[in-house]
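Colleague: Just passing along the structure, written as structure tokens.
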Amino acid sequence: MEGSSTKDKDICEFADAQDLIVITKDADFRNSYLINNTPKKLVRIKLGNLANSTLIKVISENLNFIKRLNSQGSFMIELDQVSSKFIIK
């Protein structure tokens with residue numbers, strides 16, 4: 001990995017190989033999930049600029065659901081200010 005210059009493809013490959021969840025604000029990962037089914041597990045945060053404490057709170061509030069999905073294979077969750085969207089493949 002190359003820190004902040006690591007390519008999205010490399011992040012997806014690493015996450016899939018290690019059975020990890022990618023948590024991101026980047027729409028490119030959403031597109032990759034929908035088109036290429038990678039990363040296999042994705043949480044996309046659509047909350048704009050926010051404090052780290054708010055980000056931690058949002059993830060914490062959804063953590064139990066994310067844990068349940070984690071055992072079911074491929075999924076994408078989008079968290080935004082209005083509603084949460086879930087896609088399970």
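Chain identifiers are assigned as A, B, and so on, following the order in which chains appear in the structure tokens; residues are numbered from 1 within each chain, and ligands are numbered from 1 in order of appearance.
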Using only C-alpha atoms, tabulate the residues of stretch 56-81 of chain A lying at most 12 Å from any atom of stretch 9-33 of chain A, each with its closest atom pair and that distance in Å to one decimal, by chain and increasing residue number, as JSON lines.

Modeller:
{"residue": "A:Ile56", "atom": "CA", "partner": "A:Ile23", "partner_atom": "CA", "distance": 11.6}
{"residue": "A:Ile59", "atom": "CA", "partner": "A:Ile23", "partner_atom": "CA", "distance": 9.5}
{"residue": "A:Leu63", "atom": "CA", "partner": "A:Ile21", "partner_atom": "CA", "distance": 11.9}
{"residue": "A:Ile66", "atom": "CA", "partner": "A:Ile21", "partner_atom": "CA", "distance": 9.3}
{"residue": "A:Lys67", "atom": "CA", "partner": "A:Ile21", "partner_atom": "CA", "distance": 10.1}
{"residue": "A:Leu69", "atom": "CA", "partner": "A:Ile21", "partner_atom": "CA", "distance": 10.4}
{"residue": "A:Asn70", "atom": "CA", "partner": "A:Ile21", "partner_atom": "CA", "distance": 7.9}
{"residue": "A:Ser71", "atom": "CA", "partner": "A:Asp19", "partner_atom": "CA", "distance": 10.0}
{"residue": "A:Gln72", "atom": "CA", "partner": "A:Asp19", "partner_atom": "CA", "distance": 11.5}
{"residue": "A:Gly73", "atom": "CA", "partner": "A:Asp19", "partner_atom": "CA", "distance": 9.1}
{"residue": "A:Ser74", "atom": "CA", "partner": "A:Tyr33", "partner_atom": "CA", "distance": 9.2}
{"residue": "A:Phe75", "atom": "CA", "partner": "A:Tyr33", "partner_atom": "CA", "distance": 8.7}
{"residue": "A:Met76", "atom": "CA", "partner": "A:Tyr33", "partner_atom": "CA", "distance": 7.6}
{"residue": "A:Ile77", "atom": "CA", "partner": "A:Arg30", "partner_atom": "CA", "distance": 9.4}
{"residue": "A:Glu78", "atom": "CA", "partner": "A:Arg30", "partner_atom": "CA", "distance": 8.8}
{"residue": "A:Leu79", "atom": "CA", "partner": "A:Lys25", "partner_atom": "CA", "distance": 9.7}
{"residue": "A:Asp80", "atom": "CA", "partner": "A:Lys25", "partner_atom": "CA", "distance": 10.4}

Colleague: Please identify the helix (DSSP H, G or I) residues within chain A (assignment by DSSP from backbone atoms) and present them as an MDAnalysis selection string.

Modeller: chainID A and resid 3:5 8:18 27:36 52:70

Colleague: Check stretch 18-88 of chain A with DSSP on the backbone and list each residue it calls strand (DSSP E or B), as JSON, numbers by chain.

Modeller: {"A": [22, 23, 24, 41, 42, 43, 44, 45, 46, 75, 76, 77, 78, 79, 80, 84, 85, 86, 87, 88]}

Colleague: Could you state the separation of atom CA of A:Asn62 and atom CA of A:Thr38 in Å, given to one decimal place?

Modeller: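 Atom CA of A:Thr38 lies at a distance of 21.5 Å from atom CA of A:Asn62.
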
Colleague: One decimal, Å: what's the distance from atom CA of A:Arg44 over to atom CA of A:Lys57, could you say?

Modeller: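 So the answer is 14.7 Å.
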